[in-house]
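Chemist: Handing over entry_24.cif, mmCIF, C-alpha atoms.
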```
data_run
#
loop_
_atom_site.group_PDB
_atom_site.id
_atom_site.type_symbol
_atom_site.label_atom_id
_atom_site.label_comp_id
_atom_site.auth_asym_id
_atom_site.auth_seq_id
_atom_site.Cartn_x
_atom_site.Cartn_y
_atom_site.Cartn_z
ATOM 1 C CA MET F 50 -55.236 -104.714 -45.344
ATOM 2 C CA SER F 51 -59.007 -104.188 -45.606
ATOM 3 C CA GLU F 52 -60.631 -104.093 -49.056
ATOM 4 C CA ARG F 53 -61.815 -100.550 -48.364
ATOM 5 C CA PHE F 54 -58.276 -99.222 -47.891
ATOM 6 C CA ARG F 55 -56.845 -101.395 -50.646
ATOM 7 C CA GLY F 56 -59.285 -99.849 -53.127
ATOM 8 C CA VAL F 57 -58.443 -96.318 -51.992
ATOM 9 C CA LEU F 58 -54.711 -96.898 -52.290
ATOM 10 C CA GLU F 59 -54.998 -98.610 -55.673
ATOM 11 C CA ARG F 60 -56.906 -95.653 -57.110
ATOM 12 C CA MET F 61 -54.346 -93.228 -55.718
ATOM 13 C CA THR F 62 -51.337 -95.097 -57.046
ATOM 14 C CA ARG F 63 -52.863 -95.344 -60.553
ATOM 15 C CA ILE F 64 -52.468 -91.569 -60.956
ATOM 16 C CA GLY F 65 -49.479 -90.602 -63.041
ATOM 17 C CA GLY F 66 -46.411 -89.608 -61.021
ATOM 18 C CA VAL F 67 -47.694 -90.938 -57.681
ATOM 19 C CA ARG F 68 -44.950 -92.799 -55.812
ATOM 20 C CA GLY F 69 -47.041 -93.963 -52.932
ATOM 21 C CA ALA F 70 -50.077 -93.457 -50.752
ATOM 22 C CA LEU F 71 -50.829 -94.201 -47.132
ATOM 23 C CA VAL F 72 -53.688 -94.191 -44.673
ATOM 24 C CA VAL F 73 -52.337 -93.037 -41.307
ATOM 25 C CA THR F 74 -53.841 -92.640 -37.826
ATOM 26 C CA ALA F 75 -53.898 -88.906 -37.133
ATOM 27 C CA ASP F 76 -53.428 -89.155 -33.371
ATOM 28 C CA ASP F 77 -50.674 -91.776 -33.345
ATOM 29 C CA GLY F 78 -48.895 -91.317 -36.682
ATOM 30 C CA LEU F 79 -49.028 -95.061 -37.379
ATOM 31 C CA VAL F 80 -49.550 -96.710 -40.762
ATOM 32 C CA VAL F 81 -53.020 -98.234 -41.256
ATOM 33 C CA ALA F 82 -52.449 -99.217 -44.891
ATOM 34 C CA ASP F 83 -49.888 -98.301 -47.516
ATOM 35 C CA ALA F 84 -48.871 -98.805 -51.133
ATOM 36 C CA LEU F 85 -45.387 -97.399 -51.606
ATOM 37 C CA MET F 86 -42.584 -97.569 -54.112
ATOM 38 C CA GLU F 87 -39.396 -99.164 -52.856
ATOM 39 C CA GLY F 88 -37.201 -96.837 -50.833
ATOM 40 C CA ILE F 89 -40.000 -94.830 -49.216
ATOM 41 C CA ARG F 90 -40.068 -95.390 -45.455
ATOM 42 C CA GLY F 91 -43.771 -95.660 -44.712
ATOM 43 C CA ASN F 92 -43.423 -95.483 -40.931
ATOM 44 C CA ALA F 93 -41.296 -92.330 -41.183
ATOM 45 C CA VAL F 94 -43.702 -90.627 -43.591
ATOM 46 C CA ALA F 95 -46.671 -91.584 -41.395
ATOM 47 C CA ALA F 96 -45.085 -90.338 -38.173
ATOM 48 C CA LEU F 97 -43.861 -87.064 -39.646
ATOM 49 C CA ALA F 98 -47.055 -86.399 -41.635
ATOM 50 C CA ALA F 99 -49.192 -86.783 -38.494
ATOM 51 C CA ASN F 100 -46.830 -84.509 -36.610
ATOM 52 C CA LEU F 101 -46.943 -81.921 -39.400
ATOM 53 C CA MET F 102 -50.746 -81.962 -39.381
ATOM 54 C CA LYS F 103 -50.826 -81.374 -35.632
ATOM 55 C CA ARG F 104 -48.479 -78.397 -35.948
ATOM 56 C CA PHE F 105 -50.200 -76.871 -38.971
ATOM 57 C CA ASN F 106 -53.577 -77.308 -37.275
ATOM 58 C CA ARG F 107 -52.248 -75.138 -34.473
ATOM 59 C CA VAL F 108 -51.175 -72.534 -37.019
ATOM 60 C CA SER F 109 -54.544 -72.481 -38.775
ATOM 61 C CA ASN F 110 -56.398 -72.334 -35.448
ATOM 62 C CA ALA F 111 -54.150 -69.508 -34.249
ATOM 63 C CA ALA F 112 -54.898 -67.686 -37.484
ATOM 64 C CA THR F 113 -58.606 -68.226 -36.739
ATOM 65 C CA VAL F 114 -59.183 -69.969 -40.062
ATOM 66 C CA GLY F 115 -60.347 -73.238 -38.462
ATOM 67 C CA GLY F 116 -59.080 -76.797 -38.795
ATOM 68 C CA LEU F 117 -56.842 -77.826 -41.657
ATOM 69 C CA ARG F 118 -58.559 -79.512 -44.627
ATOM 70 C CA PHE F 119 -55.658 -79.895 -47.018
ATOM 71 C CA LEU F 120 -51.861 -79.756 -46.738
ATOM 72 C CA HIS F 121 -49.818 -79.563 -49.935
ATOM 73 C CA LEU F 122 -46.015 -79.467 -49.675
ATOM 74 C CA GLN F 123 -44.036 -78.784 -52.809
ATOM 75 C CA ALA F 124 -40.405 -79.912 -52.545
ATOM 76 C CA ASP F 125 -37.501 -79.883 -55.026
ATOM 77 C CA GLY F 126 -38.013 -83.537 -55.882
ATOM 78 C CA GLY F 127 -41.762 -83.908 -55.622
ATOM 79 C CA THR F 128 -44.939 -83.315 -53.714
ATOM 80 C CA LEU F 129 -46.569 -84.466 -50.490
ATOM 81 C CA ILE F 130 -50.317 -84.038 -50.007
ATOM 82 C CA ILE F 131 -52.122 -84.800 -46.735
ATOM 83 C CA VAL F 132 -55.899 -84.771 -46.295
ATOM 84 C CA PRO F 133 -57.525 -85.453 -42.909
ATOM 85 C CA ALA F 134 -60.694 -87.548 -42.766
ATOM 86 C CA PRO F 135 -63.250 -86.901 -40.009
ATOM 87 C CA THR F 136 -62.760 -90.457 -38.707
ATOM 88 C CA GLY F 137 -59.294 -89.630 -37.378
ATOM 89 C CA VAL F 138 -57.178 -90.910 -40.227
ATOM 90 C CA LEU F 139 -55.043 -89.048 -42.736
ATOM 91 C CA VAL F 140 -54.743 -89.891 -46.406
ATOM 92 C CA VAL F 141 -51.182 -89.145 -47.546
ATOM 93 C CA THR F 142 -49.961 -89.110 -51.147
ATOM 94 C CA ILE F 143 -46.341 -88.816 -52.259
ATOM 95 C CA GLY F 144 -45.587 -87.911 -55.853
ATOM 96 C CA GLY F 145 -42.765 -86.880 -58.131
ATOM 97 C CA PRO F 146 -42.569 -83.506 -59.893
ATOM 98 C CA GLU F 147 -44.584 -84.971 -62.760
ATOM 99 C CA MET F 148 -47.564 -85.923 -60.572
ATOM 100 C CA ASN F 149 -50.949 -84.671 -61.724
ATOM 101 C CA VAL F 150 -51.671 -82.692 -58.555
ATOM 102 C CA GLY F 151 -55.226 -81.742 -59.507
ATOM 103 C CA LEU F 152 -56.228 -85.326 -60.148
ATOM 104 C CA ALA F 153 -54.487 -86.463 -56.973
ATOM 105 C CA ARG F 154 -56.405 -83.878 -54.930
ATOM 106 C CA LEU F 155 -59.718 -84.972 -56.435
ATOM 107 C CA GLU F 156 -58.963 -88.618 -55.794
ATOM 108 C CA MET F 157 -57.932 -87.885 -52.205
ATOM 109 C CA LEU F 158 -61.202 -86.071 -51.536
ATOM 110 C CA ARG F 159 -63.012 -89.139 -52.865
ATOM 111 C CA ALA F 160 -60.766 -91.310 -50.682
ATOM 112 C CA ILE F 161 -61.775 -89.601 -47.455
ATOM 113 C CA GLU F 162 -65.426 -90.294 -48.259
ATOM 114 C CA VAL F 163 -64.545 -93.970 -48.567
ATOM 115 C CA VAL F 164 -62.545 -94.167 -45.320
ATOM 116 C CA GLU F 165 -65.257 -92.331 -43.334
ATOM 117 C CA MET X 1238 -35.600 -76.414 -21.153
ATOM 118 C CA SER X 1239 -34.634 -79.338 -18.929
ATOM 119 C CA GLU X 1240 -31.153 -80.727 -19.173
ATOM 120 C CA THR X 1241 -30.098 -84.185 -20.150
ATOM 121 C CA ARG X 1242 -28.222 -85.703 -17.200
ATOM 122 C CA VAL X 1243 -26.178 -88.848 -17.651
ATOM 123 C CA VAL X 1244 -24.331 -91.342 -15.492
ATOM 124 C CA GLU X 1245 -22.474 -92.812 -18.496
ATOM 125 C CA ALA X 1246 -21.259 -90.180 -20.950
ATOM 126 C CA TRP X 1247 -21.739 -92.267 -24.137
ATOM 127 C CA THR X 1248 -25.512 -92.069 -23.682
ATOM 128 C CA GLN X 1249 -25.657 -88.258 -23.827
ATOM 129 C CA LYS X 1250 -25.585 -87.471 -27.561
ATOM 130 C CA PRO X 1251 -28.111 -90.131 -28.686
ATOM 131 C CA LEU X 1252 -30.446 -89.136 -25.845
ATOM 132 C CA GLU X 1253 -30.192 -85.413 -26.643
ATOM 133 C CA ASP X 1254 -30.928 -86.103 -30.318
ATOM 134 C CA PHE X 1255 -33.929 -88.252 -29.397
ATOM 135 C CA VAL X 1256 -35.398 -85.624 -27.079
ATOM 136 C CA THR X 1257 -34.865 -82.863 -29.647
ATOM 137 C CA GLU X 1258 -36.572 -84.818 -32.416
ATOM 138 C CA THR X 1259 -39.539 -86.169 -30.465
ATOM 139 C CA GLY X 1260 -40.161 -83.358 -27.988
ATOM 140 C CA ALA X 1261 -40.402 -86.034 -25.271
ATOM 141 C CA ARG X 1262 -41.299 -84.642 -21.862
ATOM 142 C CA LEU X 1263 -39.401 -87.288 -19.862
ATOM 143 C CA THR X 1264 -36.953 -89.991 -20.876
ATOM 144 C CA LEU X 1265 -35.029 -92.568 -18.855
ATOM 145 C CA ILE X 1266 -32.348 -94.911 -20.161
ATOM 146 C CA MET X 1267 -31.846 -97.748 -17.723
ATOM 147 C CA THR X 1268 -30.962 -101.382 -17.270
ATOM 148 C CA PRO X 1269 -33.729 -103.997 -16.851
ATOM 149 C CA ALA X 1270 -32.791 -104.005 -13.147
ATOM 150 C CA GLY X 1271 -33.754 -100.325 -12.908
ATOM 151 C CA GLN X 1272 -30.243 -98.839 -12.779
ATOM 152 C CA VAL X 1273 -30.469 -95.448 -14.486
ATOM 153 C CA LEU X 1274 -27.824 -94.500 -17.068
ATOM 154 C CA ALA X 1275 -29.325 -91.227 -18.287
ATOM 155 C CA GLN X 1276 -32.391 -89.079 -17.865
ATOM 156 C CA TYR X 1277 -34.099 -86.109 -19.389
ATOM 157 C CA GLY X 1278 -36.833 -83.968 -17.874
ATOM 158 C CA PHE X 1279 -36.935 -85.212 -14.283
ATOM 159 C CA THR X 1280 -36.303 -82.633 -11.609
ATOM 160 C CA ARG X 1281 -36.542 -84.798 -8.499
ATOM 161 C CA ALA X 1282 -34.465 -87.850 -7.613
ATOM 162 C CA VAL X 1283 -37.477 -89.550 -6.060
ATOM 163 C CA ASP X 1284 -39.347 -89.364 -9.384
ATOM 164 C CA VAL X 1285 -36.431 -90.970 -11.221
ATOM 165 C CA MET X 1286 -36.266 -93.755 -8.658
ATOM 166 C CA ALA X 1287 -40.005 -94.380 -8.887
ATOM 167 C CA ALA X 1288 -40.114 -94.267 -12.703
ATOM 168 C CA ALA X 1289 -37.082 -96.564 -13.021
ATOM 169 C CA ALA X 1290 -38.536 -99.070 -10.563
ATOM 170 C CA LEU X 1291 -41.938 -99.041 -12.275
ATOM 171 C CA GLY X 1292 -40.412 -99.259 -15.771
ATOM 172 C CA ALA X 1293 -38.269 -102.224 -14.750
ATOM 173 C CA ALA X 1294 -41.299 -103.902 -13.153
ATOM 174 C CA ILE X 1295 -43.421 -103.407 -16.292
ATOM 175 C CA PHE X 1296 -40.614 -104.868 -18.396
ATOM 176 C CA SER X 1297 -40.357 -107.898 -16.104
ATOM 177 C CA SER X 1298 -44.132 -108.394 -16.276
ATOM 178 C CA THR X 1299 -44.217 -108.262 -20.065
ATOM 179 C CA MET X 1300 -41.251 -110.658 -20.233
ATOM 180 C CA GLU X 1301 -43.265 -113.092 -18.147
ATOM 181 C CA ILE X 1302 -46.324 -112.701 -20.416
ATOM 182 C CA ALA X 1303 -44.027 -113.266 -23.405
ATOM 183 C CA ARG X 1304 -42.721 -116.420 -21.768
ATOM 184 C CA LEU X 1305 -46.265 -117.695 -21.235
ATOM 185 C CA LEU X 1306 -47.062 -117.019 -24.898
ATOM 186 C CA ARG X 1307 -43.767 -118.624 -25.961
ATOM 187 C CA GLU X 1308 -42.612 -115.332 -27.444
ATOM 188 C CA ARG X 1309 -38.933 -114.531 -27.071
ATOM 189 C CA GLU X 1310 -39.835 -111.125 -25.672
ATOM 190 C CA PHE X 1311 -41.885 -108.013 -26.347
ATOM 191 C CA GLU X 1312 -39.618 -105.254 -27.590
ATOM 192 C CA ALA X 1313 -41.883 -102.319 -26.889
ATOM 193 C CA LEU X 1314 -45.168 -101.369 -25.323
ATOM 194 C CA SER X 1315 -47.108 -98.155 -25.109
ATOM 195 C CA HIS X 1316 -49.908 -96.699 -23.039
ATOM 196 C CA GLN X 1317 -51.954 -93.807 -24.336
ATOM 197 C CA GLY X 1318 -53.626 -91.363 -21.962
ATOM 198 C CA ALA X 1319 -55.720 -88.298 -22.657
ATOM 199 C CA ARG X 1320 -52.796 -85.876 -22.335
ATOM 200 C CA HIS X 1321 -49.719 -88.077 -22.205
ATOM 201 C CA GLY X 1322 -48.428 -91.273 -23.730
ATOM 202 C CA VAL X 1323 -45.876 -93.676 -22.261
ATOM 203 C CA PHE X 1324 -43.547 -95.775 -24.397
ATOM 204 C CA LEU X 1325 -41.274 -98.483 -22.980
ATOM 205 C CA GLY X 1326 -38.814 -100.156 -25.338
ATOM 206 C CA SER X 1327 -35.939 -102.571 -24.799
ATOM 207 C CA PHE X 1328 -32.853 -102.987 -26.935
ATOM 208 C CA GLU X 1329 -29.430 -104.598 -26.969
ATOM 209 C CA THR X 1330 -26.116 -102.743 -26.696
ATOM 210 C CA ARG X 1331 -22.548 -103.800 -25.915
ATOM 211 C CA ARG X 1332 -23.336 -102.504 -22.417
ATOM 212 C CA GLY X 1333 -26.049 -105.169 -22.253
ATOM 213 C CA ARG X 1334 -29.808 -104.985 -22.590
ATOM 214 C CA LEU X 1335 -31.218 -101.550 -21.843
ATOM 215 C CA LEU X 1336 -34.668 -100.011 -21.524
ATOM 216 C CA ALA X 1337 -35.927 -96.610 -22.616
ATOM 217 C CA LEU X 1338 -38.941 -95.171 -20.804
ATOM 218 C CA VAL X 1339 -40.417 -92.185 -22.651
ATOM 219 C CA VAL X 1340 -43.282 -89.907 -21.636
ATOM 220 C CA TYR X 1341 -44.596 -87.693 -24.436
ATOM 221 C CA GLY X 1342 -47.310 -85.088 -24.662
ATOM 222 C CA SER X 1343 -50.068 -84.319 -27.137
ATOM 223 C CA ASP X 1344 -47.627 -82.487 -29.417
ATOM 224 C CA ALA X 1345 -45.884 -85.784 -30.255
ATOM 225 C CA THR X 1346 -47.281 -89.061 -31.548
ATOM 226 C CA LEU X 1347 -46.549 -92.714 -30.869
ATOM 227 C CA GLY X 1348 -45.368 -93.057 -34.476
ATOM 228 C CA LEU X 1349 -42.880 -90.238 -34.015
ATOM 229 C CA VAL X 1350 -41.556 -91.747 -30.771
ATOM 230 C CA GLN X 1351 -41.250 -95.181 -32.422
ATOM 231 C CA LEU X 1352 -39.469 -93.678 -35.416
ATOM 232 C CA PHE X 1353 -36.848 -91.841 -33.392
ATOM 233 C CA PHE X 1354 -36.588 -94.706 -30.905
ATOM 234 C CA GLU X 1355 -35.063 -96.691 -33.793
ATOM 235 C CA GLU X 1356 -32.463 -93.938 -34.188
ATOM 236 C CA LEU X 1357 -31.882 -93.798 -30.427
ATOM 237 C CA VAL X 1358 -31.231 -97.539 -30.403
ATOM 238 C CA ALA X 1359 -28.815 -97.274 -33.337
ATOM 239 C CA GLY X 1360 -27.054 -94.312 -31.716
ATOM 240 C CA LEU X 1361 -26.681 -96.024 -28.354
ATOM 241 C CA ALA X 1362 -25.583 -99.295 -29.968
ATOM 242 C CA ALA X 1363 -22.866 -97.446 -31.878
ATOM 243 C CA ALA X 1364 -21.754 -95.346 -28.911
ATOM 244 C CA SER X 1365 -21.759 -98.055 -26.242
ATOM 245 C CA PRO X 1366 -18.303 -99.004 -24.975
ATOM 246 C CA GLU X 1367 -16.616 -102.135 -26.360
ATOM 247 C CA HIS X 1368 -15.615 -103.732 -23.095
ATOM 248 C CA VAL X 1369 -17.855 -103.488 -20.111
ATOM 249 C CA GLU X 1370 -17.469 -105.705 -17.118
ATOM 250 C CA ARG X 1371 -20.846 -107.322 -16.503
ATOM 251 C CA ARG X 1372 -21.464 -107.914 -12.843
ATOM 252 C CA PRO X 1373 -24.485 -109.295 -11.044
ATOM 253 C CA VAL X 1374 -26.549 -106.729 -9.178
ATOM 254 C CA LEU X 1375 -25.752 -107.346 -5.520
ATOM 255 C CA ALA X 1376 -27.849 -106.005 -2.699
ATOM 256 C CA ALA X 1377 -24.692 -104.846 -0.921
ATOM 257 C CA ASP X 1378 -23.713 -102.629 -3.843
ATOM 258 C CA PHE X 1379 -27.192 -101.525 -4.797
ATOM 259 C CA GLU X 1380 -27.687 -98.617 -2.412
ATOM 260 C CA ARG X 1381 -24.187 -97.244 -2.976
ATOM 261 C CA GLU X 1382 -24.580 -97.441 -6.768
ATOM 262 C CA LEU X 1383 -28.048 -95.915 -6.578
ATOM 263 C CA ASN X 1384 -26.710 -92.967 -4.568
ATOM 264 C CA GLN X 1385 -23.803 -92.520 -7.010
ATOM 265 C CA SER X 1386 -26.206 -92.542 -9.952
ATOM 266 C CA LEU X 1387 -28.535 -90.015 -8.358
ATOM 267 C CA SER X 1388 -25.538 -87.784 -7.539
ATOM 268 C CA SER X 1389 -24.522 -87.890 -11.211
ATOM 269 C CA LEU X 1390 -28.067 -87.283 -12.428
ATOM 270 C CA PHE X 1391 -28.863 -84.422 -10.098
ATOM 271 C CA GLY X 1392 -25.417 -83.073 -9.273
ATOM 272 C CA ARG X 1393 -25.750 -83.563 -5.524
#
```
Rewrite the structure of this file - the entire thing - as structure tokens.

Modeler:
Amino acid sequence: MSERFRGVLERMTRIGGVRGALVVTADDGLVVADALMEGIRGNAVAALAANLMKRFNRVSNAATVGGLRFLHLQADGGTLIIVPAPTGVLVVTIGGPEMNVGLARLEMLRAIEVVE
Amino acid sequence: MSETRVVEAWTQKPLEDFVTETGARLTLIMTPAGQVLAQYGFTRAVDVMAAAALGAAIFSSTMEIARLLREREFEALSHQGARHGVFLGSFETRRGRLLALVVYGSDATLGLVQLFFEELVAGLAAASPEHVERRPVLAADFERELNQSLSSLFGR
């Protein structure tokens, strides 16, 4: 894993409540780099997150609000946040209900500057 | 929506699940010799024959490259085009080694196809019959078996 991605993932996983973070290719849905707690299937999250982004991009384009910049899914057991970087990768963060969402969002916006 | 057509019934459910999950445009399940067991999305017999022959040839070529590199084999390969991607994966079942040739569009991703390919392999491995007589592929039987398969796949 490159130092650039390692640094990004380390900063993400230091946030309270974060269970894992990944850098994923947006076109292919493949894992570029990950730091995940045991039990989280990185390849499944990567594939499905990329697919979700493609579908939600269609929705936002159909609604004439432009390309997606942030996707935040709140589930019963936690949160999934996906941020696309202009270079064609996605930064994905998985957290529990206790995750500091605001801090995670800020850190993810910093992360996409690093992976650009 | 195209139908899933199968020569061997145990392949139907795993193939239908795979196509539903990935949104694959075309899928072939076949032996490394190119004998088709199931297909989804093809409307013409000639296309199935061509795709099966080409898929089997690609698999043979990669096996040869693997041999040169002293690899046991390559389990999967993919080609990415502007509008379509092609994924070719091999796997073991009680029916013997099989290949899956998948063509997917821009609404799917390689990661998604790989992910559900794992489930397809598990589904086919679990569903494959216990006792299958393994016979060599003989030229004398080949045309008859090919015609039988195409009749099953296209209902002719």

Chemist: If the PyMOL selection byres ((chain X) within 6 of (chain F)) were run on this exact file, what residues would it hold? Put them as a PyMOL selection string.

Modeler: chain X and resi 1346-1349

Chemist: Go through F:Leu139, F:Val72, F:Ile89, F:Ala153 one by one, measure the shortest atom-to-atom distance of each to Leu58 (chain F) using only C-alpha atoms, and give the residue with the smallest value.

Modeler: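 For Leu58 (chain F), the nearest of the candidates is F:Val72.
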
Chemist: I need the output of the PyMOL selection byres ((chain X and resi 1272) around 12) for this file as number ranges by chain; which residues are they?

Modeler: X: 1243-1245, 1265-1271, 1273-1276, 1285-1293, 1334-1337, 1374, 1378-1387, 1390

Chemist: Do a neighbour search on Leu85 (chain F) at 10 Å with all atoms listed in the file, toss out local chain neighbours closer than 4 positions, and write the hits as a list in words.

Modeler: Leu58, Thr62, Val67, Arg68, Gly69, Ala70, Leu71, Ile89, Arg90, Gly91, Thr142 and Ile143 of chain F

Chemist: Export, as an mmCIF file, in the frame of the given file, the selected residues with C-alpha atoms.

Modeler:
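Result saved to selection24.cif:
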```cif
data_model
loop_
_atom_site.group_PDB
_atom_site.id
_atom_site.type_symbol
_atom_site.label_atom_id
_atom_site.label_comp_id
_atom_site.auth_asym_id
_atom_site.auth_seq_id
_atom_site.Cartn_x
_atom_site.Cartn_y
_atom_site.Cartn_z
ATOM 1 C CA LEU F 58 -54.711 -96.898 -52.290
ATOM 2 C CA THR F 62 -51.337 -95.097 -57.046
ATOM 3 C CA VAL F 67 -47.694 -90.938 -57.681
ATOM 4 C CA ARG F 68 -44.950 -92.799 -55.812
ATOM 5 C CA GLY F 69 -47.041 -93.963 -52.932
ATOM 6 C CA ALA F 70 -50.077 -93.457 -50.752
ATOM 7 C CA LEU F 71 -50.829 -94.201 -47.132
ATOM 8 C CA ILE F 89 -40.000 -94.830 -49.216
ATOM 9 C CA ARG F 90 -40.068 -95.390 -45.455
ATOM 10 C CA GLY F 91 -43.771 -95.660 -44.712
ATOM 11 C CA THR F 142 -49.961 -89.110 -51.147
ATOM 12 C CA ILE F 143 -46.341 -88.816 -52.259
#
```

Chemist: Could you give me, as an mmCIF file with C-alpha atoms, in the coordinates of the input, the residues within 8 Å of region 1246-1263 of chain X, counting only C-alpha atoms and dropping anything in the same chain fewer than 6 positions from it?

Modeler:
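What landed in part.cif:
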```cif
data_model
loop_
_atom_site.group_PDB
_atom_site.id
_atom_site.type_symbol
_atom_site.label_atom_id
_atom_site.label_comp_id
_atom_site.auth_asym_id
_atom_site.auth_seq_id
_atom_site.Cartn_x
_atom_site.Cartn_y
_atom_site.Cartn_z
ATOM 1 C CA LEU X 1274 -27.824 -94.500 -17.068
ATOM 2 C CA ALA X 1275 -29.325 -91.227 -18.287
ATOM 3 C CA GLN X 1276 -32.391 -89.079 -17.865
ATOM 4 C CA TYR X 1277 -34.099 -86.109 -19.389
ATOM 5 C CA GLY X 1278 -36.833 -83.968 -17.874
ATOM 6 C CA PHE X 1279 -36.935 -85.212 -14.283
ATOM 7 C CA LEU X 1338 -38.941 -95.171 -20.804
ATOM 8 C CA VAL X 1339 -40.417 -92.185 -22.651
ATOM 9 C CA VAL X 1340 -43.282 -89.907 -21.636
ATOM 10 C CA TYR X 1341 -44.596 -87.693 -24.436
ATOM 11 C CA GLY X 1342 -47.310 -85.088 -24.662
ATOM 12 C CA ASP X 1344 -47.627 -82.487 -29.417
ATOM 13 C CA ALA X 1345 -45.884 -85.784 -30.255
ATOM 14 C CA LEU X 1349 -42.880 -90.238 -34.015
ATOM 15 C CA VAL X 1350 -41.556 -91.747 -30.771
ATOM 16 C CA PHE X 1353 -36.848 -91.841 -33.392
ATOM 17 C CA PHE X 1354 -36.588 -94.706 -30.905
ATOM 18 C CA GLU X 1356 -32.463 -93.938 -34.188
ATOM 19 C CA LEU X 1357 -31.882 -93.798 -30.427
ATOM 20 C CA GLY X 1360 -27.054 -94.312 -31.716
ATOM 21 C CA LEU X 1361 -26.681 -96.024 -28.354
ATOM 22 C CA ALA X 1364 -21.754 -95.346 -28.911
ATOM 23 C CA SER X 1365 -21.759 -98.055 -26.242
ATOM 24 C CA PRO X 1366 -18.303 -99.004 -24.975
#
```

Chemist: Quick check, in Å to one decimal: how far apart do CA of Glu1310 (chain X) and CA of Ser1343 (chain X) lie?

Modeler: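 Taking CA of Glu1310 (chain X) as the start and CA of Ser1343 (chain X) as the end point, the length is 28.7 Å.
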
Chemist: So which one's closest to Gly126 (chain F), F:Pro146, F:Arg60, F:Ala111, F:Val138? Using all atoms listed in the file, please.

Modeler: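 Closest to Gly126 (chain F), using all atoms listed in the file: F:Pro146.
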
Chemist: Would you kindly translate the PyMOL selection byres ((chain F and resi 159) around 12) into the concrete residues it picks from this file, as a PyMOL selection string?

Modeler: chain F and resi 56-58+60-61+132-134+140+152-158+160-165

Chemist: How far is it from CA of Asn110 (chain F) to CA of Val141 (chain F), in Å with one decimal?

Modeler: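 That distance, rounded to one decimal, is 21.4 Å.
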
Chemist: Grab the CA of Met148 (chain F) to CA of Met86 (chain F) distance for me, in Å with one decimal place.

Modeler: 14.2 Å

Chemist: Rank nothing, just name the residue among F:Met102, F:Ala112, F:Ile64, F:Leu120 nearest to Gly145 (chain F), using all atoms listed in the file.

Modeler: F:Ile64

Chemist: Could you pull the residues within 9 Å of Gly116 (chain F), counting all atoms listed in the file, minus those fewer than 3 positions along the same chain, as a ChimeraX atom specification?

Modeler: /F:105-107,109-110,113

Chemist: Could I see region 96-106 of chain F restored to N, CA, C and O atoms, set down as a PDB file, keeping the file's coordinate frame?

Modeler:
```pdb
ATOM      1  N   ALA F  96     -45.356 -91.029 -39.441  1.00  0.00           N
ATOM      2  CA  ALA F  96     -45.085 -90.338 -38.173  1.00  0.00           C
ATOM      3  C   ALA F  96     -44.922 -88.839 -38.403  1.00  0.00           C
ATOM      4  O   ALA F  96     -45.491 -88.015 -37.675  1.00  0.00           O
ATOM      5  N   LEU F  97     -44.158 -88.485 -39.421  1.00  0.00           N
ATOM      6  CA  LEU F  97     -43.861 -87.064 -39.646  1.00  0.00           C
ATOM      7  C   LEU F  97     -45.066 -86.334 -40.238  1.00  0.00           C
ATOM      8  O   LEU F  97     -45.301 -85.161 -39.920  1.00  0.00           O
ATOM      9  N   ALA F  98     -45.859 -87.030 -41.065  1.00  0.00           N
ATOM     10  CA  ALA F  98     -47.055 -86.399 -41.635  1.00  0.00           C
ATOM     11  C   ALA F  98     -48.068 -86.082 -40.523  1.00  0.00           C
ATOM     12  O   ALA F  98     -48.660 -84.996 -40.503  1.00  0.00           O
ATOM     13  N   ALA F  99     -48.250 -87.024 -39.597  1.00  0.00           N
ATOM     14  CA  ALA F  99     -49.192 -86.783 -38.494  1.00  0.00           C
ATOM     15  C   ALA F  99     -48.711 -85.630 -37.622  1.00  0.00           C
ATOM     16  O   ALA F  99     -49.499 -84.794 -37.184  1.00  0.00           O
ATOM     17  N   ASN F 100     -47.394 -85.594 -37.416  1.00  0.00           N
ATOM     18  CA  ASN F 100     -46.830 -84.509 -36.610  1.00  0.00           C
ATOM     19  C   ASN F 100     -46.991 -83.154 -37.305  1.00  0.00           C
ATOM     20  O   ASN F 100     -47.336 -82.154 -36.677  1.00  0.00           O
ATOM     21  N   LEU F 101     -46.757 -83.157 -38.618  1.00  0.00           N
ATOM     22  CA  LEU F 101     -46.943 -81.921 -39.400  1.00  0.00           C
ATOM     23  C   LEU F 101     -48.380 -81.425 -39.291  1.00  0.00           C
ATOM     24  O   LEU F 101     -48.627 -80.230 -39.109  1.00  0.00           O
ATOM     25  N   MET F 102     -49.333 -82.348 -39.429  1.00  0.00           N
ATOM     26  CA  MET F 102     -50.746 -81.962 -39.381  1.00  0.00           C
ATOM     27  C   MET F 102     -51.098 -81.350 -38.032  1.00  0.00           C
ATOM     28  O   MET F 102     -51.833 -80.361 -37.958  1.00  0.00           O
ATOM     29  N   LYS F 103     -50.547 -81.938 -36.957  1.00  0.00           N
ATOM     30  CA  LYS F 103     -50.826 -81.374 -35.632  1.00  0.00           C
ATOM     31  C   LYS F 103     -50.305 -79.940 -35.552  1.00  0.00           C
ATOM     32  O   LYS F 103     -50.978 -79.047 -35.052  1.00  0.00           O
ATOM     33  N   ARG F 104     -49.090 -79.738 -36.050  1.00  0.00           N
ATOM     34  CA  ARG F 104     -48.479 -78.397 -35.948  1.00  0.00           C
ATOM     35  C   ARG F 104     -49.200 -77.390 -36.839  1.00  0.00           C
ATOM     36  O   ARG F 104     -49.461 -76.256 -36.436  1.00  0.00           O
ATOM     37  N   PHE F 105     -49.528 -77.812 -38.064  1.00  0.00           N
ATOM     38  CA  PHE F 105     -50.200 -76.871 -38.971  1.00  0.00           C
ATOM     39  C   PHE F 105     -51.634 -76.595 -38.521  1.00  0.00           C
ATOM     40  O   PHE F 105     -52.159 -75.518 -38.775  1.00  0.00           O
ATOM     41  N   ASN F 106     -52.252 -77.563 -37.842  1.00  0.00           N
ATOM     42  CA  ASN F 106     -53.577 -77.308 -37.275  1.00  0.00           C
ATOM     43  C   ASN F 106     -53.518 -76.193 -36.243  1.00  0.00           C
ATOM     44  O   ASN F 106     -54.416 -75.360 -36.152  1.00  0.00           O
TER      45      ASN F 106
END
```
